[in-house]
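Okay, structure first, notes after.
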Amino acid sequence: MDDIVGIDVSKADLKVFRLKSREHLCIPNDRPGLRRLRDWLGSDIPELIVFEVTGAYHRSLEAFLHLNGLRCVKVNPKQARRYCQAVGQLAKTDRVDAELLARMGRQLDLQAQAAPPANQTILQDLLVCRRGLTKDRIAAKTRLAVATLPILARMLRRRIRQIGEDIAAIDAELQRLTNQDPGQKRRVEILASIPGLGQLTAVTMAAELPELGSATAKQIAALVGLAPIAQQSGRQEKPRRIQGGRPWVRRSLYMPALVASRFNPDLKRVYQRLLAAGKRQKVALTAVMRKLVILANTLIADARKWSPAAP
């Protein structure tokens with residue numbers, strides 16, 4: 001692929017570079033700017049458009065590209081930066097980043113990604129807000145436990161009640177949005193059928209891990225950060241450990257894995273076998289988490305709910 005476009009995304013503007021013609025473009029990161037991008041690309045549609053994940057700032061660009069049928073892929077900023085270092089590019093400017101993103105797309109043969117579900121970003125925003133409220137409630141309860149002034153205690157109790165109402169409202173909205181999309185609703189139902197996975201964990205996995213059902217077992221484990229990474233050099237070989245991945249999905253699997261290690265017959269056997277082999281409890285529990293996400297991936301791929309015996 002030679003006709004690749006790299007786009008460096010910031011809050012204010014988009015720096016664009018087209019590899020084929022080696023042209024640069026700077027446009028505002030807003031609707032008029034995106035229309036200028038469409039006009040600039042013209043009828044000669046590029047083979048791929050590469051941009052970095054930048055929180056909320058890339059979302060309008062991503063939606064615009066998919067809406068106009070343009071093949072695109074979003075990459076991890078850390079991986080993009082390491083690519084720059086690997087090719088010896090130490091300078092970092094927006095123009096340089098846009099050019100290197102295009103070169104990265106060609107050299108690594110990056111593949112276009114499918115458009116995300118319509119309500120995926122909304123679900124993700126709601127889950128982020130819910131996690132923040134949960135932290136606020138824990139902090140308020142901690143302060144309440146040591147509050148000595150009656151006025152502060154009243155304020156903290158009122159705050160805790162308000163947070164509880166906000167969390168309940170978010171849960172209701174999560175349920176409503178999930179039910180609106182038949183495909184998403186079915187995915188959540190399949191995930192919630194796994195012993196140990198509650199409704200909130202099922203929604204979290206469906207929203208934060210859209211690759212479920214389309215990835216291999218190794219790929220899905222790596223995406224969640226539950227794939228053991230080898231640490232070997234020469235005669236030295238360190239214990240394998242997990243790293244990277246999507247932390248919120250991994251964290252949401254901790255309690256389900258704890259429950260499954262006690263009440264899910266298959267996963268309980270895995271947990272007990274690892275303990276008997278001398279593995280530490282944390283290592284055995286991590287293995288159960290990995291089994292859970294692989295099981296979820298398999299069930300979504302087969303479009304079936306969990307059952308005690310294989311069909």
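Just so we're on the same page: first chain in the structure tokens is A, next is B, and so on; residues restart at 1 for each chain, and ligands are numbered from 1 in the order they show up.
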
Review point. Got a sec: who's within 12 Å of A:Val75, counting only C-alpha atoms, leaving out chain neighbours fewer than 2 positions off, as a PyMOL selection string?
Key: chain A and resi 6-9+49-54+58+62+72-73+77-83+101-102+104-105+108+110-113

Exercise for review: Give me the residues within 8 Å of A:Lys305 as a count of residues only, counting only C-alpha atoms and dropping any in the same chain fewer than 6 places off.
Suggested key: 6

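Backbone DSSP over stretch 195-229 of chain A gives helix (DSSP H, G or I) for Gln199, Leu200, Thr201, Ala202, Val203, Thr204, Met205, Ala206, Ala207, Glu208, Ala217, Lys218, Gln219, Ile220, Ala221, Ala222, Leu223 and Val224 of chain A.
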
Saved selection, atoms kept: C-alpha atoms, as a short mmCIF file (atom, residue, chain, number, x, y, z; two decimals), in the first residue's frame:
```cif
data_model
loop_
_atom_site.label_atom_id
_atom_site.label_comp_id
_atom_site.auth_asym_id
_atom_site.auth_seq_id
_atom_site.Cartn_x
_atom_site.Cartn_y
_atom_site.Cartn_z
CA GLN A 199 -24.89 -7.66 34.49
CA LEU A 200 -22.43 -4.81 35.03
CA THR A 201 -19.42 -6.95 34.12
CA ALA A 202 -21.25 -8.21 31.02
CA VAL A 203 -22.01 -4.65 29.88
CA THR A 204 -18.42 -3.59 30.59
CA MET A 205 -17.00 -6.45 28.51
CA ALA A 206 -19.44 -5.85 25.65
CA ALA A 207 -18.67 -2.12 25.55
CA GLU A 208 -14.93 -2.15 26.22
CA ALA A 217 -8.09 -17.10 22.21
CA LYS A 218 -4.54 -15.75 22.35
CA GLN A 219 -5.53 -12.42 20.82
CA ILE A 220 -8.44 -11.81 23.20
CA ALA A 221 -6.30 -12.71 26.22
CA ALA A 222 -3.61 -10.28 25.06
CA LEU A 223 -6.17 -7.52 24.47
CA VAL A 224 -7.29 -7.78 28.10
#
```

Exercise for review: Fewer than 5 positions away in the same chain doesn't count, so skip those; otherwise give me all residues within 10 Å of A:Leu156, counting only C-alpha atoms, as a list in words.
Suggested key: Arg137, Ala139, Ala140, Lys141, Thr142, Arg143, Leu144, Ala145, Ala147, Pro150, Ile151, Arg161 and Gln162 of chain A

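The nearest approach to A:Trp248 among the residues A:Leu41, A:Val293, A:Ile138, A:Leu209, with only C-alpha atoms taken into account, belongs to A:Leu209.
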
Exercise for review: Determine, counting only C-alpha atoms, which protein, DNA and RNA residues have an atom within 9 Å of an atom of stretch 301-304 of chain A; residues of the same chain fewer than 3 positions away are not included. Present the result as a ChimeraX atom specification.
Suggested key: /A:186-187,190,212-215,296-298,307

Write the residues you've just listed into a file as a PDB file, in the first residue's frame, and include N, CA and C atoms for each of them.
```pdb
ATOM      1  N   ARG A 186     -27.976  -9.138  22.832  1.00  0.00           N
ATOM      2  CA  ARG A 186     -27.687 -10.575  22.772  1.00  0.00           C
ATOM      3  C   ARG A 186     -26.307 -10.883  23.346  1.00  0.00           C
ATOM      4  N   ARG A 187     -25.323 -10.039  23.054  1.00  0.00           N
ATOM      5  CA  ARG A 187     -23.977 -10.240  23.585  1.00  0.00           C
ATOM      6  C   ARG A 187     -23.976 -10.169  25.108  1.00  0.00           C
ATOM      7  N   ILE A 190     -25.519 -13.297  26.599  1.00  0.00           N
ATOM      8  CA  ILE A 190     -24.602 -14.437  26.538  1.00  0.00           C
ATOM      9  C   ILE A 190     -23.544 -14.329  27.633  1.00  0.00           C
ATOM     10  N   LEU A 212     -14.667  -9.219  21.053  1.00  0.00           N
ATOM     11  CA  LEU A 212     -15.155 -10.519  21.509  1.00  0.00           C
ATOM     12  C   LEU A 212     -15.900 -11.235  20.380  1.00  0.00           C
ATOM     13  N   GLY A 213     -15.516 -12.477  20.141  1.00  0.00           N
ATOM     14  CA  GLY A 213     -16.168 -13.270  19.110  1.00  0.00           C
ATOM     15  C   GLY A 213     -15.482 -13.236  17.766  1.00  0.00           C
ATOM     16  N   SER A 214     -14.583 -12.263  17.550  1.00  0.00           N
ATOM     17  CA  SER A 214     -13.893 -12.163  16.259  1.00  0.00           C
ATOM     18  C   SER A 214     -12.397 -12.379  16.374  1.00  0.00           C
ATOM     19  N   ALA A 215     -11.894 -12.525  17.613  1.00  0.00           N
ATOM     20  CA  ALA A 215     -10.464 -12.722  17.839  1.00  0.00           C
ATOM     21  C   ALA A 215     -10.191 -14.162  18.262  1.00  0.00           C
ATOM     22  N   ALA A 296     -15.782 -16.423  27.268  1.00  0.00           N
ATOM     23  CA  ALA A 296     -16.691 -15.398  26.748  1.00  0.00           C
ATOM     24  C   ALA A 296     -16.499 -15.213  25.250  1.00  0.00           C
ATOM     25  N   ASN A 297     -15.261 -15.203  24.800  1.00  0.00           N
ATOM     26  CA  ASN A 297     -14.956 -15.055  23.375  1.00  0.00           C
ATOM     27  C   ASN A 297     -15.545 -16.206  22.567  1.00  0.00           C
ATOM     28  N   THR A 298     -15.423 -17.420  23.088  1.00  0.00           N
ATOM     29  CA  THR A 298     -15.944 -18.598  22.389  1.00  0.00           C
ATOM     30  C   THR A 298     -17.469 -18.566  22.306  1.00  0.00           C
ATOM     31  N   SER A 307     -23.577 -23.267  29.113  1.00  0.00           N
ATOM     32  CA  SER A 307     -24.306 -24.421  29.637  1.00  0.00           C
ATOM     33  C   SER A 307     -23.301 -25.307  30.364  1.00  0.00           C
TER      34      SER A 307
END
```

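With distances restricted to only C-alpha atoms, A:Arg273 is the closest residue to A:Ser261 from A:Arg157, A:Arg130, A:Arg273, A:Lys15.
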
Point to revise | Close residues, A:Thr121 itself excluded, 12 Å, only C-alpha atoms, min 2 positions apart in chain, as a list of chain:residue names | key: A:Gly55, A:Ala56, A:His58, A:Arg59, A:Ser60, A:Glu62, A:Ala63, A:Ala115, A:Pro116, A:Pro117, A:Ala118, A:Asn119, A:Leu123, A:Gln124, A:Asp125, A:Leu126, A:Leu127, A:Val128, A:Leu174, A:Leu177, A:Thr204, A:Ala206, A:Ala207, A:Glu208, A:Leu209, A:Pro210

Take the selection from the previous step and output its residues with N, CA, C and O atoms, as a compact mmCIF listing (two decimals), in the first residue's frame.
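Writing the result to result_8.txt gives the following:
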```txt
# COMPACT_ATOMS: atom_id res chain seq x y z
N GLY A 55 -8.28 9.98 23.33
CA GLY A 55 -9.41 10.27 24.20
C GLY A 55 -10.65 10.60 23.40
O GLY A 55 -11.04 9.87 22.48
N ALA A 56 -11.27 11.74 23.73
CA ALA A 56 -12.50 12.12 23.04
C ALA A 56 -12.23 12.88 21.74
O ALA A 56 -13.13 13.05 20.92
N HIS A 58 -10.53 12.20 19.00
CA HIS A 58 -10.52 11.51 17.70
C HIS A 58 -11.89 10.99 17.29
O HIS A 58 -12.06 10.50 16.19
N ARG A 59 -12.88 11.09 18.18
CA ARG A 59 -14.17 10.43 17.93
C ARG A 59 -14.91 11.01 16.74
O ARG A 59 -15.47 10.27 15.93
N SER A 60 -14.94 12.33 16.62
CA SER A 60 -15.66 12.93 15.48
C SER A 60 -14.97 12.56 14.17
O SER A 60 -15.63 12.31 13.16
N GLU A 62 -13.20 9.77 13.62
CA GLU A 62 -13.48 8.35 13.37
C GLU A 62 -14.88 8.16 12.81
O GLU A 62 -15.08 7.43 11.84
N ALA A 63 -15.87 8.84 13.42
CA ALA A 63 -17.24 8.72 12.94
C ALA A 63 -17.37 9.25 11.51
O ALA A 63 -18.06 8.65 10.67
N ALA A 115 -16.29 -0.37 11.64
CA ALA A 115 -16.92 0.70 12.42
C ALA A 115 -17.44 0.15 13.74
O ALA A 115 -18.03 -0.94 13.77
N PRO A 116 -17.24 0.86 14.85
CA PRO A 116 -17.74 0.38 16.14
C PRO A 116 -19.26 0.47 16.19
O PRO A 116 -19.87 1.22 15.41
N PRO A 117 -19.90 -0.29 17.08
CA PRO A 117 -21.35 -0.17 17.24
C PRO A 117 -21.77 1.26 17.54
O PRO A 117 -21.00 2.03 18.13
N ALA A 118 -22.96 1.61 17.14
CA ALA A 118 -23.42 3.00 17.22
C ALA A 118 -23.35 3.57 18.63
O ALA A 118 -23.00 4.73 18.83
N ASN A 119 -23.70 2.76 19.63
CA ASN A 119 -23.77 3.29 21.00
C ASN A 119 -22.56 2.90 21.85
O ASN A 119 -22.59 3.07 23.06
N LEU A 123 -21.79 4.08 25.77
CA LEU A 123 -21.67 3.11 26.86
C LEU A 123 -20.35 3.28 27.59
O LEU A 123 -20.29 3.22 28.82
N GLN A 124 -19.28 3.48 26.85
CA GLN A 124 -17.97 3.65 27.46
C GLN A 124 -17.93 4.91 28.33
O GLN A 124 -17.37 4.89 29.43
N ASP A 125 -18.53 6.01 27.85
CA ASP A 125 -18.56 7.24 28.65
C ASP A 125 -19.35 7.03 29.94
O ASP A 125 -18.95 7.53 31.01
N LEU A 126 -20.46 6.33 29.85
CA LEU A 126 -21.27 6.06 31.04
C LEU A 126 -20.49 5.20 32.04
O LEU A 126 -20.56 5.42 33.26
N LEU A 127 -19.76 4.22 31.54
CA LEU A 127 -18.99 3.35 32.42
C LEU A 127 -17.85 4.12 33.09
O LEU A 127 -17.56 3.89 34.27
N VAL A 128 -17.22 5.02 32.35
CA VAL A 128 -16.16 5.85 32.94
C VAL A 128 -16.74 6.71 34.06
O VAL A 128 -16.15 6.83 35.15
N LEU A 174 -27.62 2.49 31.04
CA LEU A 174 -26.86 1.40 30.44
C LEU A 174 -27.80 0.28 29.97
O LEU A 174 -27.65 -0.26 28.87
N LEU A 177 -29.84 1.54 26.83
CA LEU A 177 -29.05 1.57 25.60
C LEU A 177 -28.72 0.17 25.12
O LEU A 177 -28.71 -0.09 23.90
N THR A 204 -19.78 -4.11 30.70
CA THR A 204 -18.42 -3.59 30.59
C THR A 204 -17.64 -4.33 29.52
O THR A 204 -16.97 -3.72 28.67
N ALA A 206 -18.85 -6.08 26.97
CA ALA A 206 -19.44 -5.85 25.65
C ALA A 206 -19.05 -4.48 25.10
O ALA A 206 -18.81 -4.32 23.90
N ALA A 207 -18.97 -3.48 26.00
CA ALA A 207 -18.67 -2.12 25.55
C ALA A 207 -17.18 -1.89 25.35
O ALA A 207 -16.76 -1.22 24.40
N GLU A 208 -16.36 -2.42 26.25
CA GLU A 208 -14.93 -2.15 26.22
C GLU A 208 -14.14 -3.17 25.40
O GLU A 208 -12.96 -2.96 25.12
N LEU A 209 -14.79 -4.27 25.02
CA LEU A 209 -14.09 -5.33 24.29
C LEU A 209 -14.93 -5.77 23.08
O LEU A 209 -15.42 -6.90 23.03
N PRO A 210 -15.11 -4.88 22.10
CA PRO A 210 -15.96 -5.23 20.95
C PRO A 210 -15.36 -6.35 20.10
O PRO A 210 -16.06 -6.91 19.26
```

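For the choices A:Leu133, A:Ile45, A:Leu61, A:Ile4, the atom-to-atom distance to A:Asp30 is smallest for A:Leu61 when using only C-alpha atoms.
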
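Near A:Tyr271, within a cut-off of 9 Å and counting only C-alpha atoms, sit the residues Ser261, Arg262, Gln281, Ala284, Leu285, Ala287 and Val288 of chain A, with same-chain residues fewer than 6 positions away left out.
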
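The list of residues with at least one atom within 9 Å of A:Ile27, based on only C-alpha atoms and without residues fewer than 6 positions apart in the same chain, reads Ala12, Asp13, Leu14, Lys15, Val16, Gly33, Leu34, Arg36 and Leu37 of chain A.
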
Limited to all heavy atoms, could you put the picked residues into a file as an mmCIF file, in the first residue's frame?
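This went into again-v5.cif:
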```
data_model
loop_
_atom_site.group_PDB
_atom_site.id
_atom_site.type_symbol
_atom_site.label_atom_id
_atom_site.label_comp_id
_atom_site.auth_asym_id
_atom_site.auth_seq_id
_atom_site.Cartn_x
_atom_site.Cartn_y
_atom_site.Cartn_z
ATOM 1 N N ALA A 12 -7.464 21.063 19.037
ATOM 2 C CA ALA A 12 -7.762 22.212 18.180
ATOM 3 C C ALA A 12 -7.779 21.879 16.699
ATOM 4 O O ALA A 12 -8.622 22.378 15.956
ATOM 5 C CB ALA A 12 -6.757 23.335 18.452
ATOM 6 N N ASP A 13 -6.829 21.043 16.255
ATOM 7 C CA ASP A 13 -6.726 20.837 14.808
ATOM 8 C C ASP A 13 -6.248 19.432 14.463
ATOM 9 O O ASP A 13 -5.887 18.636 15.339
ATOM 10 C CB ASP A 13 -5.798 21.892 14.174
ATOM 11 C CG ASP A 13 -4.455 21.969 14.883
ATOM 12 O OD1 ASP A 13 -3.934 20.918 15.287
ATOM 13 O OD2 ASP A 13 -3.923 23.087 15.021
ATOM 14 N N LEU A 14 -6.257 19.168 13.170
ATOM 15 C CA LEU A 14 -5.801 17.895 12.614
ATOM 16 C C LEU A 14 -4.671 18.193 11.632
ATOM 17 O O LEU A 14 -4.837 19.000 10.719
ATOM 18 C CB LEU A 14 -6.938 17.176 11.883
ATOM 19 C CG LEU A 14 -8.216 16.890 12.664
ATOM 20 C CD1 LEU A 14 -9.293 16.322 11.734
ATOM 21 C CD2 LEU A 14 -7.956 15.928 13.810
ATOM 22 N N LYS A 15 -3.529 17.534 11.829
ATOM 23 C CA LYS A 15 -2.418 17.640 10.879
ATOM 24 C C LYS A 15 -2.466 16.384 10.002
ATOM 25 O O LYS A 15 -2.410 15.264 10.493
ATOM 26 C CB LYS A 15 -1.082 17.709 11.600
ATOM 27 C CG LYS A 15 -0.912 18.929 12.497
ATOM 28 C CD LYS A 15 -0.844 20.207 11.687
ATOM 29 C CE LYS A 15 -0.322 21.382 12.531
ATOM 30 N NZ LYS A 15 -1.084 21.619 13.770
ATOM 31 N N VAL A 16 -2.565 16.589 8.685
ATOM 32 C CA VAL A 16 -2.784 15.489 7.740
ATOM 33 C C VAL A 16 -1.590 15.394 6.803
ATOM 34 O O VAL A 16 -1.040 16.422 6.363
ATOM 35 C CB VAL A 16 -4.075 15.714 6.930
ATOM 36 C CG1 VAL A 16 -4.409 14.482 6.097
ATOM 37 C CG2 VAL A 16 -5.240 16.063 7.855
ATOM 38 N N GLY A 33 -13.884 21.612 9.350
ATOM 39 C CA GLY A 33 -12.571 21.060 9.052
ATOM 40 C C GLY A 33 -12.658 19.682 8.425
ATOM 41 O O GLY A 33 -11.913 19.365 7.480
ATOM 42 N N LEU A 34 -13.573 18.854 8.907
ATOM 43 C CA LEU A 34 -13.738 17.512 8.338
ATOM 44 C C LEU A 34 -14.277 17.580 6.916
ATOM 45 O O LEU A 34 -13.905 16.756 6.070
ATOM 46 C CB LEU A 34 -14.671 16.690 9.235
ATOM 47 C CG LEU A 34 -14.113 16.343 10.620
ATOM 48 C CD1 LEU A 34 -15.162 15.642 11.456
ATOM 49 C CD2 LEU A 34 -12.858 15.484 10.495
ATOM 50 N N ARG A 36 -13.558 19.972 4.862
ATOM 51 C CA ARG A 36 -12.370 20.349 4.076
ATOM 52 C C ARG A 36 -11.503 19.125 3.806
ATOM 53 O O ARG A 36 -10.940 18.995 2.712
ATOM 54 C CB ARG A 36 -11.562 21.403 4.827
ATOM 55 C CG ARG A 36 -12.092 22.830 4.709
ATOM 56 C CD ARG A 36 -11.144 23.799 5.379
ATOM 57 N NE ARG A 36 -9.783 23.705 4.819
ATOM 58 C CZ ARG A 36 -8.726 24.272 5.393
ATOM 59 N NH1 ARG A 36 -8.856 24.954 6.533
ATOM 60 N NH2 ARG A 36 -7.541 24.159 4.817
ATOM 61 N N LEU A 37 -11.404 18.245 4.773
ATOM 62 C CA LEU A 37 -10.626 17.016 4.595
ATOM 63 C C LEU A 37 -11.224 16.176 3.467
ATOM 64 O O LEU A 37 -10.488 15.656 2.617
ATOM 65 C CB LEU A 37 -10.590 16.220 5.901
ATOM 66 C CG LEU A 37 -9.943 14.828 5.822
ATOM 67 C CD1 LEU A 37 -8.470 14.939 5.450
ATOM 68 C CD2 LEU A 37 -10.103 14.085 7.155
#
```

**Study point:** Nearest residue to A:Gln184 from the set A:Glu47, A:Val259, A:Arg251, A:Ile300 (distances using only C-alpha atoms)
**Key:** A:Ile300
